[in-house]
Structures are given as structure tokens and as C-alpha cells.
Amino acid sequence: MPEEKMIRARLTEMCGADCVQQDVPMSEHTTFRTGGSADFFVTPKDKDEIVSLLRYLRQSGTEHLILGRGSNLLVGDNGYRGVVVDTRTALGDIEIEEDIVSAGAGAVLGAVAGMAAEASLAGMEFASGIPGSIGGAVFMNAGAYGGEMAQIVSTVELMNADGELVDVKGSDMGFSYRMSRAQKEDLPVISVKLKLRKGKRDEILNKIRDLGEQRLAKQPLEYPSAGSTFKRPEGYFAGKLISDAGLSGLSIGGAMVSPKHNGFIINTGNARSKEILDLIHEVQDKVKETSGVDLIPEVRIIGEF
């Protein structure tokens, strides 16, 4: 296809032939371990490349997806008709100066939390077991165990609608439950600064270990999943509503409502994305029927099913 050749030529010109792949299975890049192939998969080498690439994609109207760790993503079995931009290489740096932690959007959230702990900086322990990138965590205001990114974000470097890089204070990021200005306005997160507080290294590491043990005991970490499948409805817990609807262990093909934690839909080994999506819809319908509550997926659903 002429258009496909043109896009590949432009991507290659910007990032180099070694950084551009075609027909890459997204099952290799999501924690659900499902999903068909993306038309293009690009791994820019540095910040300048990724910024230039995102400007081109946005200004040209080319369909694209900014990928961190793929931990909150369900990609259709028939793939993604667009360009996937892998942030891990170009935006993976982490730096610490006094009580400020700076990280590129592609940095592993757990690694950032671990480095902060080693530097005796407290406040990020809640994020240590969340298996995403820090950019994705800011994008969706990720949280756990009473903490959320809104509490520790000092500044976010965003690409605005005009393709310019702007620094936005955490207080201006419009954070709410699993939501941010970046998500509302579809603005790419480039880097993040976190304001933490001095603490005692051993106490911080102990808290991280304790939270890790709680996760292991309560969550089905032995199976591929995207974490909590649904947002917490106000005044309720999604897992409790799903349990009360009698859906614990419900399966469609290889997709299952985890008996260990009903808020998780898991891939038992051979699930297809369509089966996971069908199970999401089945759970939504049954919970609505039994409790009158609408469950909203927390996982992002993209591509062709």
C-alpha cells in the first residue's frame, strides 16, 4: 500500500530503520498477554526523537498509541491500525536530587519507587507494586492502598495541542479518581517530577515489602491481567458487587473473573481479547441487573476485535 510505504519511510527517516517494526503482536507488549498485531511499532532512541515523532503523528492526524508498560490495555485480536510509540528507551531515565524525583514517562513505576526508597524518600510506597510506567500512572492518576499520584506529583511535562512542551504544576493537572488533565485533553506525558519527603530507608523498604505481601495474598498476580478491571463506583467496591452478583470464577473461554479477587479479570492461559471483552460486558450486565450499579472499565480498550 502506498500510504503504508509512505508512513514507514517517514518513521524511518525520523527514528532510523532499526527502530521501526511492522506487524508486531501486541500480546508481547501488554500484561493481559493478548492482542493482535500493530501496523507499526516504533522505539525512539531519545527524547528529541520521541518528541519529533509525536509532533508528526499528531499534526498529520496519524492514528497512534503511546505505550508505557501495557499494564492497563486491552488490544483487539485483529490488532491496531496505527503506530504504537514505545516510550521505554527514550523516556526511561530516573534522577533524584534532594527530595525531588525526576523521571521520563517510560520509566517503570516500581523502579522509581524503589530508587526513591533507597534514597530515603517516602510517599511513593503505594506505587511500588503497580506494574506500569510513570507516564501511564500520571495519565490515569493511578493509586493503591490509600495513595495516588495526585498526592506526590509536583510538575508534569506535557505536549500541548500545538505540539509544544509545557510544564504543568500538579495542582493544575485536574487530578480526580483515575483521571487527569492529560487524559481528558489527550496530551502526551513526557516527564514527571515528584515531590517526596525525607524518611527512614528501612521503614520505607519495610512498608514496600508489607504492601507487596498484601498484593501477593489478595491479588491473582500469578495470571496475566490488567490489574483492577473496573473503576471503583462511588460508595461501592467493584469486587464486592461482582461477588454479590454470583460471578466469582465466571469464565468465557480463557478469560475468568478471578476467584481470588473478583475485581480482576484474568487470562488463565489462552484467552483471546474478545473473550476478555465479552466477560467485561457480561459482568457489567449482571452487576447492573443485581445492584443497579454501572461498572466502568478502568482498562483502556483499543484496536479491532
# chains A, B, ... in the order shown; residues from 1 in each chain; ligands from 1
>>> residues_around(residues="Met256 (chain A)", least_positions_apart="4", cutoff="8 Å", atoms="only C-alpha atoms", output="compact mmCIF listing (two decimals) with N, CA and C atoms, in the first residue's frame")
# COMPACT_ATOMS: atom_id res chain seq x y z
N GLY A 249 -15.36 -16.52 39.53
CA GLY A 249 -14.98 -17.70 38.76
C GLY A 249 -15.67 -17.83 37.42
N LEU A 250 -16.56 -16.88 37.08
CA LEU A 250 -17.23 -16.93 35.78
C LEU A 250 -16.20 -16.86 34.66
N SER A 251 -16.36 -17.73 33.66
CA SER A 251 -15.39 -17.78 32.56
C SER A 251 -16.08 -17.65 31.22
N ILE A 252 -15.38 -17.04 30.29
CA ILE A 252 -15.71 -17.10 28.87
C ILE A 252 -14.41 -17.46 28.17
N ILE A 265 -10.22 -9.42 36.14
CA ILE A 265 -10.45 -10.42 35.09
C ILE A 265 -9.07 -10.87 34.63
N ILE A 266 -8.87 -12.18 34.59
CA ILE A 266 -7.55 -12.74 34.31
C ILE A 266 -7.56 -13.57 33.03
N ASN A 267 -6.38 -13.72 32.48
CA ASN A 267 -6.14 -14.62 31.35
C ASN A 267 -5.60 -15.92 31.95
N THR A 268 -6.39 -16.97 31.90
CA THR A 268 -5.98 -18.23 32.53
C THR A 268 -4.92 -18.97 31.72
N ILE A 276 -12.07 -11.70 26.78
CA ILE A 276 -11.95 -10.79 27.92
C ILE A 276 -12.98 -9.68 27.81
N LEU A 279 -16.43 -10.95 28.57
CA LEU A 279 -16.60 -11.16 30.01
C LEU A 279 -16.79 -9.83 30.73
>>> select_by_dssp(residues="region 60-151 of chain A", states="strand (DSSP E or B)", output="VMD selection string")
chain A and resid 64 to 67 73 to 75 80 to 86 94 to 97 100 to 104 108 121 to 122 133 143 to 144 147 to 148
>>> residues_around(residues="region 123-138 of chain A", least_positions_apart="2", cutoff="8 Å", atoms="only C-alpha atoms", output="short mmCIF file (atom, residue, chain, number, x, y, z; two decimals) with C-alpha atoms, in the first residue's frame")
data_model
loop_
_atom_site.label_atom_id
_atom_site.label_comp_id
_atom_site.auth_asym_id
_atom_site.auth_seq_id
_atom_site.Cartn_x
_atom_site.Cartn_y
_atom_site.Cartn_z
CA GLY A 68 4.35 2.55 28.52
CA ARG A 69 4.27 -0.91 30.05
CA GLY A 70 0.96 -2.03 28.55
CA SER A 71 -0.40 -2.75 32.02
CA ASN A 72 -3.81 -1.11 31.59
CA ALA A 103 11.55 10.52 35.63
CA GLY A 104 10.80 10.12 31.95
CA ALA A 105 7.29 8.93 31.15
CA GLY A 106 8.55 5.47 30.15
CA ALA A 107 10.27 4.75 33.46
CA VAL A 108 8.94 1.73 35.36
CA LEU A 109 6.80 2.95 38.24
CA GLY A 110 8.11 0.27 40.60
CA ALA A 111 11.71 1.17 39.73
CA VAL A 112 11.05 4.84 40.51
CA ALA A 113 9.51 3.86 43.85
CA GLY A 114 12.46 1.58 44.59
CA ALA A 116 13.15 6.75 45.97
CA ALA A 117 13.13 4.27 48.84
CA LEU A 121 12.40 9.34 50.28
CA MET A 140 -4.74 7.84 34.83
CA ASN A 141 -3.85 9.08 38.34
CA ALA A 142 -3.02 5.54 39.40
CA GLY A 143 -3.35 4.65 43.05
CA ALA A 144 -3.45 1.87 45.62
CA TYR A 145 -3.61 1.39 49.38
CA GLY A 146 -4.81 4.93 50.09
CA GLY A 147 -2.23 6.66 47.89
CA GLU A 148 -2.46 8.14 44.40
CA MET A 149 -0.20 10.00 42.04
CA ALA A 150 -2.02 13.30 42.65
CA ILE A 152 3.10 13.36 45.00
CA SER A 180 -6.12 13.70 34.85
CA VAL A 189 3.08 12.90 29.22
CA ILE A 190 6.80 13.37 28.52
CA SER A 191 8.30 13.51 32.01
CA VAL A 192 7.33 13.91 35.65
CA LEU A 196 8.56 13.35 48.23
CA ARG A 197 9.62 13.68 51.85
CA ILE A 204 10.19 2.80 53.75
CA LYS A 207 6.39 -0.70 54.07
CA ILE A 208 7.05 -1.61 50.44
CA LEU A 211 2.36 -3.89 50.66
CA GLY A 212 3.96 -6.41 48.32
CA ARG A 215 -0.78 -7.79 47.00
#
>>> atom_distance(atom1="CA of Lys200 (chain A)", atom2="CA of Phe175 (chain A)")
28.7 Å
>>> residues_around(residues="Asn78 (chain A)", least_positions_apart="5", cutoff="6 Å", atoms="only C-alpha atoms", output="list in words")
Gly36, Glu304 and Phe305 of chain A
>>> closest_residue(among="A:Glu95, A:Glu234, A:Glu275, A:Asp162", to="Gly76 (chain A)", atoms="only C-alpha atoms")
A:Glu275
>>> residues_around(residues="Glu28 (chain A)", least_positions_apart="4", cutoff="12 Å", atoms="only C-alpha atoms", output="list in words")
Asp23, Val24, Phe32, Arg33, Thr34, Gly35, Gly36, Ser37, Ala38, Phe41, Arg69, Gly70, Ser71, Val75 and Pro224 of chain A
>>> residues_around(residues="region 60-63 of chain A", least_positions_apart="6", cutoff="12 Å", atoms="only C-alpha atoms", output="number ranges by chain")
A: 3-4, 6-8, 10-11, 38-40, 53-54, 80-85, 163, 302-303
>>> atom_distance(atom1="CA of Gln21 (chain A)", atom2="CA of Thr43 (chain A)")
8.6 Å
>>> select_by_dssp(residues="region 63-210 of chain A", states="alpha helix (DSSP H)", output="PyMOL selection string")
chain A and resi 109-118+134-139+181-185+201-210
